[in-house]
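Enquirer: Just upload-v7.pdb, nothing more (PDB, C-alpha atoms):
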```
ATOM      1  CA  MET A   1      -5.902   0.497   9.099
ATOM      2  CA  ARG A   2      -5.937  -3.296   8.714
ATOM      3  CA  VAL A   3      -7.541  -5.498   6.086
ATOM      4  CA  ARG A   4      -8.032  -9.214   5.396
ATOM      5  CA  CYS A   5      -7.519 -10.482   1.846
ATOM      6  CA  ILE A   6     -10.618 -12.278   0.556
ATOM      7  CA  LYS A   7      -9.511 -12.884  -3.037
ATOM      8  CA  ILE A   8      -6.572 -12.327  -5.343
ATOM      9  CA  ILE A   9      -6.821 -11.876  -9.102
ATOM     10  CA  HIS A  10      -3.442 -12.507 -10.738
ATOM     11  CA  PRO A  11      -2.433  -9.165 -12.309
ATOM     12  CA  GLN A  12      -1.123 -10.673 -15.563
ATOM     13  CA  ALA A  13      -3.326 -13.764 -15.994
ATOM     14  CA  ASP A  14      -6.610 -12.271 -14.681
ATOM     15  CA  ILE A  15      -7.433 -15.509 -12.839
ATOM     16  CA  PRO A  16      -8.067 -16.165  -9.133
ATOM     17  CA  VAL A  17      -5.044 -17.402  -7.182
ATOM     18  CA  GLN A  18      -4.446 -18.150  -3.499
ATOM     19  CA  GLU A  19      -1.213 -16.159  -3.220
ATOM     20  CA  TYR A  20       0.699 -13.497  -5.139
ATOM     21  CA  ASP A  21       3.664 -11.271  -4.249
ATOM     22  CA  GLY A  22       3.557 -12.380  -0.618
ATOM     23  CA  ILE A  23      -0.164 -11.639  -0.227
ATOM     24  CA  ARG A  24      -2.364 -14.644   0.486
ATOM     25  CA  VAL A  25      -6.104 -15.152   0.756
ATOM     26  CA  GLY A  26      -7.011 -14.965   4.450
ATOM     27  CA  GLY A  27      -3.924 -12.923   5.348
ATOM     28  CA  ILE A  28      -4.230  -9.748   7.422
ATOM     29  CA  TYR A  29      -2.285  -6.688   6.301
ATOM     30  CA  THR A  30      -1.599  -3.075   7.215
ATOM     31  CA  VAL A  31      -2.756  -0.541   4.630
ATOM     32  CA  LEU A  32       0.071   1.834   3.715
ATOM     33  CA  GLU A  33      -1.788   3.999   1.201
ATOM     34  CA  ILE A  34      -5.216   4.478  -0.387
ATOM     35  CA  GLU A  35      -5.759   5.843  -3.899
ATOM     36  CA  VAL A  36      -9.031   6.842  -5.505
ATOM     37  CA  LEU A  37      -8.414   7.007  -9.231
ATOM     38  CA  ALA A  38     -10.396   8.944 -11.816
ATOM     39  CA  GLY A  39     -13.557   6.915 -12.375
ATOM     40  CA  SER A  40     -13.818   6.075  -8.646
ATOM     41  CA  GLU A  41     -11.623   2.954  -8.690
ATOM     42  CA  VAL A  42     -10.199   2.508  -5.187
ATOM     43  CA  GLN A  43      -6.871   0.792  -4.610
ATOM     44  CA  ILE A  44      -4.863   0.118  -1.456
ATOM     45  CA  ARG A  45      -1.168  -0.524  -0.957
ATOM     46  CA  VAL A  46      -0.394  -3.438   1.329
ATOM     47  CA  LEU A  47       2.860  -5.281   1.843
ATOM     48  CA  GLY A  48       3.165  -9.012   1.535
ATOM     49  CA  GLU A  49       5.200 -11.035   3.968
ATOM     50  CA  HIS A  50       8.920 -10.256   3.723
ATOM     51  CA  ALA A  51       8.291  -7.528   1.110
ATOM     52  CA  GLN A  52      11.334  -5.355   0.522
ATOM     53  CA  GLY A  53       9.801  -2.859  -1.907
ATOM     54  CA  PRO A  54       6.688  -0.726  -1.785
ATOM     55  CA  GLY A  55       4.259  -3.580  -2.378
ATOM     56  CA  LEU A  56       1.542  -3.553  -4.979
ATOM     57  CA  MET A  57      -1.659  -1.590  -5.299
ATOM     58  CA  TRP A  58      -4.692  -3.855  -4.919
ATOM     59  CA  ASP A  59      -8.397  -3.429  -5.613
ATOM     60  CA  VAL A  60     -10.037  -2.587  -2.292
ATOM     61  CA  ALA A  61     -12.917  -4.940  -3.191
ATOM     62  CA  ASP A  62     -10.510  -7.863  -2.701
ATOM     63  CA  PHE A  63     -10.212  -7.079   1.039
ATOM     64  CA  ASP A  64     -12.436  -6.852   4.107
ATOM     65  CA  VAL A  65     -11.669  -3.900   6.350
ATOM     66  CA  LEU A  66     -10.958  -5.056   9.910
ATOM     67  CA  ASP A  67      -9.837  -1.753  11.438
ATOM     68  CA  THR A  68     -10.933   1.577   9.942
ATOM     69  CA  ARG A  69      -8.604   3.817  11.954
ATOM     70  CA  VAL A  70      -6.680   6.146   9.644
ATOM     71  CA  PRO A  71      -3.150   6.873  10.865
ATOM     72  CA  PRO A  72      -2.843  10.479  12.086
ATOM     73  CA  CYS A  73       0.309  10.945   9.969
ATOM     74  CA  TRP A  74      -1.632  10.490   6.713
ATOM     75  CA  ALA A  75      -2.356  13.447   4.432
ATOM     76  CA  LEU A  76      -4.754  13.845   1.519
ATOM     77  CA  ALA A  77      -3.426  14.831  -1.903
ATOM     78  CA  LEU A  78      -5.438  15.598  -5.024
ATOM     79  CA  GLU A  79      -3.721  14.749  -8.287
ATOM     80  CA  GLU A  80      -4.576  13.885 -11.887
ATOM     81  CA  GLY A  81      -8.319  13.586 -11.297
ATOM     82  CA  GLY A  82      -7.943  11.323  -8.258
ATOM     83  CA  LEU A  83      -6.797  11.465  -4.694
ATOM     84  CA  SER A  84      -4.284   9.749  -2.488
ATOM     85  CA  LEU A  85      -4.313   9.217   1.251
ATOM     86  CA  ALA A  86      -0.896   8.310   2.654
ATOM     87  CA  HIS A  87       1.848   9.534   4.964
ATOM     88  CA  ALA A  88       2.716  13.175   4.312
ATOM     89  CA  LEU A  89       6.313  12.260   3.354
ATOM     90  CA  TRP A  90       4.981  10.123   0.490
ATOM     91  CA  GLN A  91       2.712  12.911  -0.765
ATOM     92  CA  ARG A  92       5.429  15.262  -1.930
ATOM     93  CA  PRO A  93       5.517  15.728  -5.708
ATOM     94  CA  GLY A  94       7.818  13.199  -7.345
ATOM     95  CA  PHE A  95       8.181  10.933  -4.307
ATOM     96  CA  TRP A  96       7.373   7.660  -6.125
ATOM     97  CA  ARG A  97       9.451   8.659  -9.165
ATOM     98  CA  ASP A  98      12.385   9.347  -6.857
ATOM     99  CA  TYR A  99      11.803   6.093  -4.972
ATOM    100  CA  HIS A 100      11.905   4.031  -8.179
ATOM    101  CA  ARG A 101      15.041   5.896  -9.279
ATOM    102  CA  ARG A 102      16.650   4.803  -5.984
ATOM    103  CA  ASP A 103      17.027   8.349  -4.623
ATOM    104  CA  PRO A 104      18.571   7.912  -1.126
ATOM    105  CA  GLN A 105      16.205  10.388   0.568
ATOM    106  CA  ALA A 106      13.095   8.807  -0.986
ATOM    107  CA  LEU A 107      14.303   5.318  -0.014
ATOM    108  CA  ALA A 108      14.963   6.476   3.560
ATOM    109  CA  ASP A 109      11.554   8.206   3.770
ATOM    110  CA  PHE A 110       9.831   5.073   2.473
ATOM    111  CA  GLU A 111      11.537   2.806   5.008
ATOM    112  CA  ALA A 112      10.885   5.173   7.919
ATOM    113  CA  VAL A 113       7.184   5.495   7.088
ATOM    114  CA  LYS A 114       6.776   1.754   6.436
ATOM    115  CA  ARG A 115       8.399   0.922   9.773
ATOM    116  CA  GLU A 116       6.225   3.511  11.585
ATOM    117  CA  LEU A 117       2.979   2.205  10.069
ATOM    118  CA  LEU A 118       3.790  -1.466  10.596
ATOM    119  CA  ASP A 119       4.938  -0.869  14.185
ATOM    120  CA  ASP A 120       1.817   1.177  15.001
ATOM    121  CA  ASP A 121      -0.468  -1.510  13.533
ATOM    122  CA  ALA A 122       1.225  -4.574  15.023
ATOM    123  CA  PRO A 123      -1.337  -6.963  16.542
TER     124      PRO A 123
END
```
Translate the structure described by the file into structure tokens.
Expert:
Amino acid sequence: MRVRCIKIIHPQADIPVQEYDGIRVGGIYTVLEIEVLAGSEVQIRVLGEHAQGPGLMWDVADFDVLDTRVPPCWALALEEGGLSLAHALWQRPGFWRDYHRRDPQALADFEAVKRELLDDDAP
């Protein structure tokens, strides 16, 4: 799944900006994860240029969808009144907690999935 950024609202200042965390208006990005939060807010995880970490979650309304194909490796998980659509390895309970605690297996799973998704979506 690929998207084009159409606007960026600075997360701390709540003002429009042209670039933030490696994401820029007009840039095209691979979607790594989709979350639908309680209350129907939809966010997507995309990586900015040269991003080393997991990237940020962005409001889907700030992007145009260019390619709607969902990767076959994605799984759906229901949790805390919302849902998440991402690679099955990222859907295990505690994955993001372990990632942020620098657990070697979680870090390796993140990198493997990121590489797979970015390679599959390369233009």
Enquirer: Using the chain letters and numbers from the file, which residues does the PyMOL selection byres ((chain A and resi 25) around 12) grab, as a PyMOL selection string?
Expert: chain A and resi 3-9+16-24+26-29+48+62-64
Enquirer: For this structure, which residues satisfy the selection - the PyMOL selection byres ((chain A and resi 79) around 12) - when it is evaluated on the file as given? I want them as an mmCIF file with C-alpha atoms, in the coordinates of the input.
Expert:
```cif
data_model
loop_
_atom_site.group_PDB
_atom_site.id
_atom_site.type_symbol
_atom_site.label_atom_id
_atom_site.label_comp_id
_atom_site.auth_asym_id
_atom_site.auth_seq_id
_atom_site.Cartn_x
_atom_site.Cartn_y
_atom_site.Cartn_z
ATOM 1 C CA GLU A 35 -5.759 5.843 -3.899
ATOM 2 C CA VAL A 36 -9.031 6.842 -5.505
ATOM 3 C CA LEU A 37 -8.414 7.007 -9.231
ATOM 4 C CA ALA A 38 -10.396 8.944 -11.816
ATOM 5 C CA LEU A 76 -4.754 13.845 1.519
ATOM 6 C CA ALA A 77 -3.426 14.831 -1.903
ATOM 7 C CA LEU A 78 -5.438 15.598 -5.024
ATOM 8 C CA GLU A 80 -4.576 13.885 -11.887
ATOM 9 C CA GLY A 81 -8.319 13.586 -11.297
ATOM 10 C CA GLY A 82 -7.943 11.323 -8.258
ATOM 11 C CA LEU A 83 -6.797 11.465 -4.694
ATOM 12 C CA SER A 84 -4.284 9.749 -2.488
ATOM 13 C CA LEU A 85 -4.313 9.217 1.251
ATOM 14 C CA GLN A 91 2.712 12.911 -0.765
ATOM 15 C CA ARG A 92 5.429 15.262 -1.930
ATOM 16 C CA PRO A 93 5.517 15.728 -5.708
ATOM 17 C CA GLY A 94 7.818 13.199 -7.345
#
```
Enquirer: One number please: CA of Trp96 in chain A to CA of Val31 in chain A, in Å, one decimal.
Expert: 16.9 Å
Enquirer: When you look at Ala86 in chain A with a cut-off of 8 Å (counting all atoms listed in the file), what residues show up, excluding the ones that are within fewer than 2 positions of it in the same chain? I need them as a PyMOL selection string.
Expert: chain A and resi 32-34+73-76+84+88+90-91
Enquirer: Go ahead and compute the interatomic distance for CA of Val65 in chain A and CA of Phe95 in chain A, in Å to one decimal.
Expert: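 Going from CA of Val65 in chain A over to CA of Phe95 in chain A covers 27.0 Å.
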Enquirer: Rank A:Ile15, A:Asp59, A:Leu89, A:His50 by their smallest atom-to-atom distance to Gln105 in chain A, using all atoms listed in the file, and report the top residue only.
Expert: A:Leu89
Enquirer: Enter the distance from CA of Ile44 in chain A to CA of Leu56 in chain A, in Å, rounded to one decimal.
Expert: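 CA of Ile44 in chain A sits 8.2 Å away from CA of Leu56 in chain A.
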Enquirer: Which polymer residues have any atom within 8 Å of an atom of Gly55 in chain A, counting only C-alpha atoms, with same-chain residues fewer than 3 positions away left out, as a PyMOL selection string?
Expert: chain A and resi 21+45-48+51-52
Enquirer: Keeping just all heavy atoms, export range 49-65 of chain A of this structure as a short mmCIF file (atom, residue, chain, number, x, y, z; two decimals), in the first residue's frame.
Expert:
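Saved as result-v6.cif:
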```cif
data_model
loop_
_atom_site.label_atom_id
_atom_site.label_comp_id
_atom_site.auth_asym_id
_atom_site.auth_seq_id
_atom_site.Cartn_x
_atom_site.Cartn_y
_atom_site.Cartn_z
N GLU A 49 12.17 9.36 5.06
CA GLU A 49 13.46 9.03 4.45
C GLU A 49 14.52 8.84 5.53
O GLU A 49 14.61 9.61 6.47
CB GLU A 49 13.87 10.14 3.50
CG GLU A 49 12.92 10.28 2.32
CD GLU A 49 13.27 11.45 1.43
OE1 GLU A 49 14.47 11.75 1.28
OE2 GLU A 49 12.33 12.06 0.90
N HIS A 50 15.29 7.78 5.39
CA HIS A 50 16.40 7.46 6.28
C HIS A 50 15.95 7.18 7.72
O HIS A 50 16.74 7.30 8.64
CB HIS A 50 17.47 8.56 6.27
CG HIS A 50 17.84 9.01 4.90
ND1 HIS A 50 18.47 8.18 4.01
CD2 HIS A 50 17.64 10.18 4.27
CE1 HIS A 50 18.65 8.83 2.87
NE2 HIS A 50 18.16 10.05 3.00
N ALA A 51 14.68 6.81 7.92
CA ALA A 51 14.19 6.52 9.26
C ALA A 51 14.83 5.25 9.79
O ALA A 51 14.91 4.24 9.09
CB ALA A 51 12.68 6.38 9.26
N GLN A 52 15.30 5.29 11.00
CA GLN A 52 15.89 4.11 11.64
C GLN A 52 14.89 3.39 12.52
O GLN A 52 14.95 2.20 12.69
CB GLN A 52 17.11 4.53 12.47
CG GLN A 52 18.22 5.15 11.65
CD GLN A 52 18.75 4.20 10.59
OE1 GLN A 52 19.08 3.06 10.88
NE2 GLN A 52 18.82 4.67 9.36
N GLY A 53 13.97 4.11 13.13
CA GLY A 53 13.01 3.54 14.05
C GLY A 53 11.72 3.15 13.34
O GLY A 53 11.69 3.01 12.12
N PRO A 54 10.66 3.01 14.12
CA PRO A 54 9.40 2.54 13.55
C PRO A 54 8.59 3.60 12.83
O PRO A 54 7.54 3.31 12.28
CB PRO A 54 8.64 2.02 14.78
CG PRO A 54 9.13 2.87 15.89
CD PRO A 54 10.59 3.12 15.58
N GLY A 55 9.06 4.84 12.80
CA GLY A 55 8.27 5.89 12.19
C GLY A 55 7.14 6.32 13.11
O GLY A 55 6.97 5.78 14.20
N LEU A 56 6.39 7.28 12.66
CA LEU A 56 5.29 7.81 13.46
C LEU A 56 3.96 7.33 12.89
O LEU A 56 3.87 6.93 11.73
CB LEU A 56 5.32 9.34 13.44
CG LEU A 56 6.56 9.99 14.04
CD1 LEU A 56 6.49 11.50 13.84
CD2 LEU A 56 6.69 9.64 15.51
N MET A 57 2.93 7.42 13.72
CA MET A 57 1.58 7.18 13.25
C MET A 57 1.02 8.52 12.80
O MET A 57 1.18 9.53 13.49
CB MET A 57 0.72 6.58 14.38
CG MET A 57 1.19 5.22 14.85
SD MET A 57 1.19 3.92 13.59
CE MET A 57 -0.56 3.60 13.41
N TRP A 58 0.40 8.53 11.63
CA TRP A 58 -0.12 9.76 11.03
C TRP A 58 -1.61 9.60 10.76
O TRP A 58 -2.09 8.51 10.48
CB TRP A 58 0.59 10.03 9.70
CG TRP A 58 2.05 10.26 9.84
CD1 TRP A 58 3.05 9.34 9.75
CD2 TRP A 58 2.69 11.50 10.11
NE1 TRP A 58 4.27 9.93 9.94
CE2 TRP A 58 4.08 11.26 10.14
CE3 TRP A 58 2.24 12.80 10.30
CZ2 TRP A 58 5.01 12.26 10.38
CZ3 TRP A 58 3.16 13.80 10.52
CH2 TRP A 58 4.53 13.53 10.56
N ASP A 59 -2.32 10.72 10.78
CA ASP A 59 -3.74 10.73 10.43
C ASP A 59 -3.87 10.39 8.96
O ASP A 59 -3.24 11.01 8.10
CB ASP A 59 -4.31 12.13 10.71
CG ASP A 59 -5.81 12.20 10.53
OD1 ASP A 59 -6.40 11.39 9.77
OD2 ASP A 59 -6.42 13.09 11.15
N VAL A 60 -4.68 9.39 8.64
CA VAL A 60 -4.84 8.96 7.26
C VAL A 60 -5.38 10.07 6.38
O VAL A 60 -5.12 10.10 5.17
CB VAL A 60 -5.70 7.68 7.18
CG1 VAL A 60 -7.16 7.99 7.44
CG2 VAL A 60 -5.52 6.98 5.85
N ALA A 61 -6.09 11.04 6.95
CA ALA A 61 -6.64 12.15 6.17
C ALA A 61 -5.55 13.05 5.60
O ALA A 61 -5.81 13.84 4.69
CB ALA A 61 -7.59 12.98 7.03
N ASP A 62 -4.32 12.92 6.09
CA ASP A 62 -3.21 13.73 5.60
C ASP A 62 -2.51 13.10 4.40
O ASP A 62 -1.47 13.60 3.94
CB ASP A 62 -2.19 13.97 6.73
CG ASP A 62 -2.79 14.76 7.89
OD1 ASP A 62 -3.82 15.43 7.69
OD2 ASP A 62 -2.21 14.70 8.98
N PHE A 63 -3.08 12.02 3.86
CA PHE A 63 -2.47 11.28 2.76
C PHE A 63 -3.53 10.91 1.72
O PHE A 63 -4.67 10.67 2.05
CB PHE A 63 -1.83 9.98 3.27
CG PHE A 63 -0.66 10.22 4.19
CD1 PHE A 63 -0.86 10.50 5.53
CD2 PHE A 63 0.63 10.18 3.71
CE1 PHE A 63 0.20 10.74 6.38
CE2 PHE A 63 1.71 10.40 4.55
CZ PHE A 63 1.49 10.69 5.89
N ASP A 64 -3.09 10.88 0.46
CA ASP A 64 -3.89 10.30 -0.63
C ASP A 64 -3.39 8.89 -0.84
O ASP A 64 -2.18 8.65 -0.89
CB ASP A 64 -3.71 11.08 -1.94
CG ASP A 64 -4.48 12.38 -1.98
OD1 ASP A 64 -5.51 12.50 -1.28
OD2 ASP A 64 -4.05 13.29 -2.72
N VAL A 65 -4.31 7.96 -1.00
CA VAL A 65 -3.93 6.57 -1.25
C VAL A 65 -3.67 6.40 -2.75
O VAL A 65 -4.52 6.69 -3.58
CB VAL A 65 -5.03 5.60 -0.78
CG1 VAL A 65 -4.66 4.16 -1.10
CG2 VAL A 65 -5.28 5.77 0.71
#
```
